[in-house]
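Student: mmCIF, C-alpha atoms, saved as query_37.cif, coming up:
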data_final
#
loop_
_atom_site.label_atom_id
_atom_site.label_comp_id
_atom_site.auth_asym_id
_atom_site.auth_seq_id
_atom_site.Cartn_x
_atom_site.Cartn_y
_atom_site.Cartn_z
CA MET A 1 0.69 20.44 7.14
CA GLY A 2 -0.74 23.73 8.41
CA ASP A 3 -4.28 22.77 7.39
CA ARG A 4 -3.94 19.35 9.02
CA VAL A 5 -2.59 20.84 12.24
CA ARG A 6 -5.37 23.40 12.48
CA GLU A 7 -7.95 20.68 11.88
CA VAL A 8 -6.51 18.54 14.70
CA ILE A 9 -6.27 21.48 17.10
CA ASP A 10 -9.81 22.70 16.32
CA SER A 11 -11.26 19.22 16.83
CA GLY A 12 -9.98 19.07 20.41
CA ALA A 13 -9.53 15.33 19.98
CA PRO A 14 -6.74 13.53 21.87
CA PRO A 15 -3.66 12.46 19.85
CA VAL A 16 -4.12 9.40 17.66
CA PRO A 17 -2.27 6.43 19.23
CA PRO A 18 0.77 5.54 17.10
CA ARG A 19 0.82 2.18 15.35
CA ASP A 20 3.86 -0.03 15.84
CA SER A 21 5.82 -0.39 12.63
CA ALA A 22 9.22 -1.44 11.32
CA THR A 23 11.43 -0.29 8.46
CA VAL A 24 14.67 -1.73 7.11
CA MET A 25 17.65 0.12 5.70
CA LEU A 26 18.76 -2.57 3.26
CA MET A 27 22.40 -1.98 2.30
CA ARG A 28 24.92 -3.31 -0.20
CA GLY A 29 28.50 -2.60 -1.27
CA SER A 30 31.93 -3.58 -0.03
CA GLY A 31 33.43 -0.10 0.38
CA ARG A 32 32.78 3.62 0.43
CA ASP A 33 32.55 3.95 -3.34
CA ASP A 34 29.75 1.41 -3.79
CA PHE A 35 27.89 1.79 -0.46
CA GLU A 36 24.18 2.03 -1.28
CA VAL A 37 20.81 1.72 0.44
CA TYR A 38 17.57 0.53 -1.16
CA MET A 39 14.82 3.16 -1.35
CA LEU A 40 11.31 3.51 -2.73
CA ARG A 41 9.44 6.64 -3.79
CA ARG A 42 5.90 6.39 -2.49
CA ARG A 43 3.13 6.94 -5.00
CA GLN A 44 1.37 10.31 -4.88
CA SER A 45 -1.88 8.42 -4.26
CA MET A 46 -0.64 7.06 -0.91
CA SER A 47 -2.34 8.52 2.15
CA PHE A 48 0.87 8.69 4.20
CA ALA A 49 4.01 10.50 2.95
CA PRO A 50 3.02 10.64 -0.74
CA GLY A 51 6.01 11.24 -3.00
CA ALA A 52 8.56 10.72 -0.24
CA TYR A 53 11.61 8.48 -0.57
CA VAL A 54 11.51 5.79 2.13
CA TYR A 55 12.96 2.43 3.08
CA PRO A 56 10.90 -0.76 2.84
CA GLY A 57 8.61 -1.02 5.87
CA GLY A 58 5.13 -0.91 7.32
CA SER A 59 2.88 -1.59 10.28
CA VAL A 60 3.06 -4.67 12.49
CA ASP A 61 0.41 -7.18 11.45
CA SER A 62 -1.55 -9.10 14.08
CA ARG A 63 0.02 -12.32 12.80
CA ASP A 64 3.57 -10.98 13.02
CA ALA A 65 3.77 -11.92 16.70
CA ASP A 66 3.03 -15.57 15.89
CA ALA A 67 5.12 -17.67 18.26
CA ASP A 68 5.27 -20.39 15.58
CA VAL A 69 7.60 -18.30 13.40
CA ALA A 70 10.80 -20.32 12.91
CA TRP A 71 13.64 -18.23 14.32
CA ALA A 72 17.44 -18.07 14.28
CA GLY A 73 19.73 -15.56 15.95
CA PRO A 74 19.27 -13.53 19.15
CA ASP A 75 16.05 -14.54 20.87
CA VAL A 76 13.07 -12.28 21.45
CA THR A 77 14.15 -11.56 25.03
CA GLU A 78 17.39 -10.01 23.82
CA TRP A 79 15.57 -8.08 21.13
CA ALA A 80 13.04 -6.83 23.67
CA GLY A 81 15.91 -5.38 25.69
CA TRP A 82 17.46 -3.68 22.67
CA LEU A 83 14.15 -2.30 21.42
CA GLY A 84 12.75 -1.30 24.81
CA CYS A 85 9.52 -3.29 24.57
CA GLY A 86 7.94 -6.60 25.56
CA ALA A 87 8.90 -9.92 24.00
CA ASP A 88 5.67 -10.26 21.98
CA LEU A 89 6.11 -6.83 20.43
CA ALA A 90 9.80 -7.51 19.76
CA ARG A 91 8.84 -10.65 17.86
CA GLY A 92 6.17 -8.71 15.97
CA LEU A 93 8.60 -5.95 15.02
CA LEU A 94 11.24 -8.37 13.74
CA CYS A 95 8.67 -10.34 11.77
CA ALA A 96 7.19 -7.13 10.36
CA ALA A 97 10.68 -5.98 9.34
CA VAL A 98 11.36 -9.24 7.50
CA ARG A 99 7.86 -9.48 5.98
CA GLU A 100 7.73 -5.86 4.78
CA THR A 101 11.24 -6.05 3.32
CA PHE A 102 10.19 -9.13 1.38
CA GLU A 103 6.86 -7.63 0.30
CA GLU A 104 8.44 -4.39 -0.94
CA SER A 105 11.83 -5.52 -2.28
CA GLY A 106 11.65 -9.29 -2.83
CA VAL A 107 14.56 -9.84 -0.42
CA LEU A 108 13.91 -12.50 2.21
CA LEU A 109 16.02 -12.30 5.38
CA ALA A 110 15.77 -16.00 6.07
CA GLY A 111 17.86 -19.14 5.87
CA ALA A 112 17.77 -22.92 5.97
CA SER A 113 18.60 -23.35 9.65
CA PRO A 114 20.09 -21.64 12.71
CA ALA A 115 23.47 -22.62 11.26
CA SER A 116 22.81 -20.84 7.95
CA PRO A 117 25.70 -18.79 6.56
CA GLY A 118 25.86 -15.07 7.22
CA ALA A 119 24.69 -12.36 4.86
CA LEU A 120 27.98 -12.41 2.97
CA ALA A 121 27.63 -16.08 2.00
CA ALA A 122 24.86 -17.21 -0.33
CA ASP A 123 22.24 -19.55 1.16
CA PRO A 124 21.03 -21.85 -1.63
CA ALA A 125 17.97 -22.81 0.42
CA VAL A 126 16.38 -19.39 -0.18
CA PRO A 127 14.51 -19.47 -3.51
CA ALA A 128 14.98 -16.68 -6.04
CA ALA A 129 12.66 -13.68 -5.81
CA ALA A 130 10.90 -14.69 -9.03
CA ASP A 131 10.15 -18.14 -7.62
CA LEU A 132 8.82 -16.59 -4.40
CA GLU A 133 6.52 -14.13 -6.19
CA PRO A 134 3.34 -16.22 -5.60
CA ASP A 135 4.17 -16.31 -1.88
CA ARG A 136 4.77 -12.55 -1.82
CA LEU A 137 1.38 -11.91 -3.40
CA ALA A 138 -0.23 -14.31 -0.93
CA LEU A 139 1.32 -12.34 1.95
CA LEU A 140 -0.13 -9.15 0.51
CA ASP A 141 -3.66 -10.53 0.24
CA ARG A 142 -3.28 -12.12 3.71
CA SER A 143 -3.95 -15.65 2.48
CA LEU A 144 -0.48 -16.57 3.78
CA SER A 145 1.38 -15.54 6.93
CA LEU A 146 5.12 -15.11 7.35
CA ALA A 147 5.17 -18.21 9.56
CA GLY A 148 3.38 -20.12 6.81
CA LEU A 149 5.78 -18.92 4.14
CA LEU A 150 8.84 -19.95 6.16
CA ASP A 151 7.32 -23.32 6.97
CA ARG A 152 6.39 -23.92 3.31
CA HIS A 153 10.04 -23.51 2.27
CA GLN A 154 11.59 -25.00 5.44
CA LEU A 155 13.28 -21.72 6.30
CA VAL A 156 13.88 -19.78 9.51
CA LEU A 157 13.75 -16.04 10.11
CA ARG A 158 17.34 -14.75 10.39
CA ALA A 159 17.15 -12.28 13.27
CA ASP A 160 20.95 -12.19 13.27
CA LEU A 161 20.90 -10.41 9.89
CA LEU A 162 19.16 -7.36 11.40
CA LYS A 163 20.70 -4.60 13.51
CA PRO A 164 18.53 -2.28 15.65
CA TRP A 165 19.20 1.30 14.62
CA ALA A 166 16.63 3.87 15.78
CA ARG A 167 13.10 4.56 16.98
CA TRP A 168 11.02 7.45 15.67
CA ILE A 169 7.47 8.41 16.72
CA THR A 170 5.22 10.58 14.54
CA PRO A 171 4.36 14.00 16.07
CA GLU A 172 1.15 14.16 18.08
CA LEU A 173 -0.57 16.67 15.77
CA GLU A 174 -0.68 14.25 12.83
CA HIS A 175 -3.70 12.27 11.63
CA ARG A 176 -1.63 9.12 11.02
CA ARG A 177 0.95 8.22 13.61
CA TYR A 178 3.56 5.47 13.77
CA ASP A 179 6.01 4.22 16.37
CA THR A 180 8.68 2.98 13.99
CA ARG A 181 11.77 0.95 14.74
CA PHE A 182 14.51 1.27 12.15
CA PHE A 183 16.75 -1.70 11.39
CA ALA A 184 19.89 -2.04 9.27
CA ALA A 185 20.51 -5.16 7.19
CA VAL A 186 22.89 -6.24 4.44
CA LEU A 187 21.56 -7.61 1.15
CA PRO A 188 22.26 -11.35 1.50
CA ALA A 189 24.63 -12.81 -1.06
CA GLY A 190 22.81 -14.56 -3.86
CA GLN A 191 19.68 -12.42 -3.51
CA ARG A 192 18.67 -9.38 -5.51
CA THR A 193 15.90 -6.86 -5.24
CA TRP A 194 12.76 -7.32 -7.32
CA GLU A 195 11.17 -4.20 -8.83
CA ILE A 196 7.92 -4.05 -6.87
CA ARG A 197 5.62 -1.11 -7.45
CA GLU A 198 2.36 -1.69 -5.57
CA GLU A 199 3.09 1.32 -3.33
CA ALA A 200 6.10 2.86 -5.12
CA ASP A 201 6.46 4.53 -8.51
CA GLU A 202 10.26 4.35 -8.36
CA VAL A 203 12.73 2.00 -6.66
CA ALA A 204 16.52 2.30 -6.66
CA TRP A 205 19.80 1.58 -4.93
CA LEU A 206 21.17 4.98 -3.89
CA ARG A 207 24.21 6.36 -2.09
CA PRO A 208 23.01 7.96 1.17
CA ALA A 209 25.02 11.15 0.61
CA ASP A 210 23.62 11.49 -2.91
CA VAL A 211 20.04 11.30 -1.65
CA LEU A 212 20.72 14.06 0.87
CA THR A 213 22.32 16.21 -1.85
CA ALA A 214 19.30 15.68 -4.11
CA ALA A 215 16.98 16.60 -1.23
CA GLY A 216 18.97 19.79 -0.68
CA ARG A 217 18.31 20.69 -4.32
CA GLY A 218 14.60 20.00 -3.89
CA GLU A 219 14.70 16.99 -6.21
CA VAL A 220 13.49 14.44 -3.66
CA ALA A 221 11.29 14.61 -0.57
CA LEU A 222 12.42 13.09 2.72
CA MET A 223 10.66 12.79 6.06
CA PRO A 224 12.87 13.83 9.00
CA PRO A 225 13.55 10.26 10.25
CA THR A 226 14.64 9.21 6.76
CA ALA A 227 16.87 12.26 6.36
CA VAL A 228 18.52 11.76 9.76
CA THR A 229 19.14 8.05 9.26
CA LEU A 230 20.53 8.68 5.76
CA ALA A 231 22.95 11.18 7.29
CA GLU A 232 23.94 8.59 9.90
CA LEU A 233 24.59 6.01 7.19
CA ALA A 234 26.58 8.53 5.14
CA ALA A 235 28.68 9.37 8.20
CA CYS A 236 29.50 5.68 8.66
CA GLY A 237 30.58 5.46 5.04
CA ASP A 238 30.34 1.74 4.43
CA VAL A 239 28.46 -1.39 5.44
CA ALA A 240 31.10 -2.62 7.88
CA ALA A 241 31.05 0.66 9.81
CA VAL A 242 27.25 0.62 9.99
CA LEU A 243 27.23 -2.89 11.42
CA ALA A 244 29.95 -2.00 13.93
CA ALA A 245 28.38 1.29 15.05
CA PRO A 246 27.13 1.28 18.67
CA ARG A 247 23.46 2.23 18.90
CA GLU A 248 21.21 3.08 21.82
CA ILE A 249 17.52 2.92 20.91
CA THR A 250 15.64 5.81 22.51
CA PRO A 251 12.32 7.27 21.33
CA LEU A 252 12.75 10.28 19.04
CA ARG A 253 9.59 12.36 18.62
CA PRO A 254 9.51 15.58 16.57
CA ARG A 255 6.82 18.04 17.60
CA ILE A 256 4.63 20.36 15.56
CA GLU A 257 3.65 23.84 16.67
CA LEU A 258 1.31 26.32 15.04
CA GLU A 259 2.91 29.77 15.09
CA ALA A 260 1.38 32.83 13.38
CA GLY A 261 -0.82 30.56 11.30
CA GLN A 262 2.05 28.41 10.10
CA ALA A 263 2.96 24.89 11.16
CA TRP A 264 6.57 24.39 12.26
CA LEU A 265 8.21 21.03 12.74
CA HIS A 266 10.72 20.93 15.59
CA MET A 267 13.32 18.18 15.62
CA PRO A 268 13.92 16.15 18.80
CA PRO A 269 16.43 17.70 21.22
CA GLY A 270 20.02 17.27 20.09
CA LEU A 271 19.14 16.56 16.44
CA GLU A 272 19.15 18.83 13.42
CA TYR A 273 17.53 18.31 10.04
CA PRO A 274 20.60 17.38 7.95
CA ILE A 275 19.62 19.18 4.74
#
If you convert what's in this file into structure tokens, what do you get?
Tutor:
Amino acid sequence: MGDRVREVIDSGAPPVPPRDSATVMLMRGSGRDDFEVYMLRRRQSMSFAPGAYVYPGGSVDSRDADADVAWAGPDVTEWAGWLGCGADLARGLLCAAVRETFEESGVLLAGASPASPGALAADPAVPAAADLEPDRLALLDRSLSLAGLLDRHQLVLRADLLKPWARWITPELEHRRYDTRFFAAVLPAGQRTWEIREEADEVAWLRPADVLTAAGRGEVALMPPTAVTLAELAACGDVAAVLAAPREITPLRPRIELEAGQAWLHMPPGLEYPI
């Protein structure tokens, strides 16, 4: 980080504008003993956060704000209020959250209609991950949009299965910057994750507290937003408490300072790195 910071400072260039992105803390388990979140370890060849454990997620695609996306649950106006943005961006963030979760885990947060059952009841209209694999690959090569996928299978995006959780913005002295909204979601009944390794060399269901313990031993790498949100999940203890937890979405932006030749990352006010 020190070399990157010095390079940015020496260039005198203005901060890189952050890209809007979304990430989903996909959870499962009925109690404290089996409460887990789905995580991926990014390949060392990745340009951003190589080797770090992360949740499924990525940047908002230009087609994610497509008004033709079939939708169920709170409308984009409500989501805009919760996320602190305009309606078009709110739609894009929700669609990116659903698309990226599907692309990186095989789980599709969708249903047959606005009256589809909740996450705890299986929706037979959603095909199995193996049957949806051609569609997932078509999303990746951009020959298919999320709206097209939903229309092909007569499904609607289930915005009611997502809970807004947090917003983190990459520090200004970074080459790659993201304005990321974090969402919580429960693994829908009848669906399972699909081992997808385009960007990850390891995928697993993990207990949040166990990941933090492993990070404390130096066994896994975590970016600050991931570490903080894992600690928040661990403090809740189970899926029901996460879904019931009140959340206020405010921008959280760590800052980087170069002191005596070393780069130091400072957490946002009121937060501590939980490891």
Student: Please provide the set of residues having any atom within 9 Å of A:Met267, restricted to only C-alpha atoms, with same-chain residues fewer than 2 positions apart removed, written as an MDAnalysis selection string.
Tutor: chainID A and resid 224 252:256 265 269:273
Student: Atom CA of A:Leu155 and atom CA of A:Arg91 are how many Å apart?
Tutor: 16.6 Å
Student: Which residues would end up in the selection if the PyMOL selection byres ((chain A and resi 153) around 10) were applied here, given that I need the answer as a CSV table (one decimal) with C-alpha atoms, keeping the file's coordinate frame?
Tutor:
chain,number,residue,atom,x,y,z
A,111,GLY,CA,17.9,-19.1,5.9
A,112,ALA,CA,17.8,-22.9,6.0
A,125,ALA,CA,18.0,-22.8,0.4
A,126,VAL,CA,16.4,-19.4,-0.2
A,127,PRO,CA,14.5,-19.5,-3.5
A,132,LEU,CA,8.8,-16.6,-4.4
A,148,GLY,CA,3.4,-20.1,6.8
A,149,LEU,CA,5.8,-18.9,4.1
A,150,LEU,CA,8.8,-20.0,6.2
A,151,ASP,CA,7.3,-23.3,7.0
A,152,ARG,CA,6.4,-23.9,3.3
A,154,GLN,CA,11.6,-25.0,5.4
A,155,LEU,CA,13.3,-21.7,6.3
A,156,VAL,CA,13.9,-19.8,9.5
Student: Can you tell me, as a list in words, which residues sit within 9 Å of (9.0, -7.2, 9.7) in the file's frame, using all atoms listed in the file?
Tutor: Ser21, Ala22, Thr23, Val24, Gly57, Gly58, Ser59, Val60, Asp61, Asp64, Arg91, Gly92, Leu93, Leu94, Cys95, Ala96, Ala97, Val98, Arg99, Glu100, Thr101 and Phe102 of chain A
Student: Give as a list in words the residues that the PyMOL selection byres ((chain A and resi 73) around 6) matches when applied to the coordinates above.
Tutor: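 Listing what the PyMOL selection byres ((chain A and resi 73) around 6) selects in the shown file: Ala72, Pro74, Ala159 and Asp160 of chain A.
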Student: Taking the file as shown, what set of residues would the PyMOL selection byres ((chain A and resi 82-89) around 10) give back, as an MDAnalysis selection string?
Tutor: chainID A and resid 20 60 64:67 75:81 90:95 163:167 181:182 247:251
Student: Go through A:Val211, A:Met27, A:Leu258, A:Leu40 one by one, measure the shortest atom-to-atom distance of each to A:Val186 using only C-alpha atoms, and give the residue with the smallest value.
Tutor: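 Looking at the shortest contact to A:Val186, the residue is A:Met27.
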Student: Just give me the gap between atom CA of A:Tyr38 and atom CA of A:Pro134 in Å, one decimal is fine.
Tutor: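 We find that atom CA of A:Tyr38 and atom CA of A:Pro134 lie 22.4 Å from each other.
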Student: Within 7 Å of A:Asp201, counting all atoms listed in the file, which residues show up once you throw out same-chain ones fewer than 4 positions away? Write them as number ranges by chain, please.
Tutor: A: 41-43, 197
Student: Would you kindly identify which residues have an atom no farther than 9 Å from (4.5, 9.4, 20.4), using all atoms listed in the file and the file's own coordinates, and write them out as a ChimeraX atom specification?
Tutor: /A:15,17-18,168-172,177-179,251-254
Student: Generate the output file for the selected residues, C-alpha atoms, as a PDB file, keeping the file's coordinate frame.
Tutor:
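The result, written out as result_25.pdb:
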ATOM      1  CA  PRO A  15      -3.660  12.460  19.850  1.00  0.00           C
ATOM      2  CA  PRO A  17      -2.270   6.430  19.230  1.00  0.00           C
ATOM      3  CA  PRO A  18       0.770   5.540  17.100  1.00  0.00           C
ATOM      4  CA  TRP A 168      11.020   7.450  15.670  1.00  0.00           C
ATOM      5  CA  ILE A 169       7.470   8.410  16.720  1.00  0.00           C
ATOM      6  CA  THR A 170       5.220  10.580  14.540  1.00  0.00           C
ATOM      7  CA  PRO A 171       4.360  14.000  16.070  1.00  0.00           C
ATOM      8  CA  GLU A 172       1.150  14.160  18.080  1.00  0.00           C
ATOM      9  CA  ARG A 177       0.950   8.220  13.610  1.00  0.00           C
ATOM     10  CA  TYR A 178       3.560   5.470  13.770  1.00  0.00           C
ATOM     11  CA  ASP A 179       6.010   4.220  16.370  1.00  0.00           C
ATOM     12  CA  PRO A 251      12.320   7.270  21.330  1.00  0.00           C
ATOM     13  CA  LEU A 252      12.750  10.280  19.040  1.00  0.00           C
ATOM     14  CA  ARG A 253       9.590  12.360  18.620  1.00  0.00           C
ATOM     15  CA  PRO A 254       9.510  15.580  16.570  1.00  0.00           C
TER      16      PRO A 254
END
Student: With all atoms listed in the file as the basis for distance, which of A:Asp34, A:Glu257, A:Asp123, A:Asp68 is at the shortest distance from A:Trp205?
Tutor: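 Once distances to A:Trp205 are computed over all atoms listed in the file, the minimum belongs to A:Asp34.
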Student: With all atoms listed in the file as the basis for distance, which of A:Arg142, A:Arg158, A:Arg32, A:His175 is at the shortest distance from A:Ala235?
Tutor: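 Comparing A:Arg142, A:Arg158, A:Arg32, A:His175 against A:Ala235, the winner is A:Arg32.
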Student: Of the candidates A:Thr213, A:Thr226, A:Ser105, A:Ser143, which shows the shortest atom-to-atom distance to A:Leu187, using all atoms listed in the file?
Tutor: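 Closest to A:Leu187, using all atoms listed in the file: A:Ser105.
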Student: Can you work out the spacing between atom CA of A:Leu139 and atom CA of A:Pro56 in Å, to one decimal?
Tutor: 15.1 Å
Student: Tell me which of A:Leu162, A:Glu7, A:Trp194, A:Val242 sits closest to A:Ala128, counting all atoms listed in the file.
Tutor: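 Of A:Leu162, A:Glu7, A:Trp194, A:Val242, the one nearest A:Ala128, counting all atoms listed in the file, is A:Trp194.
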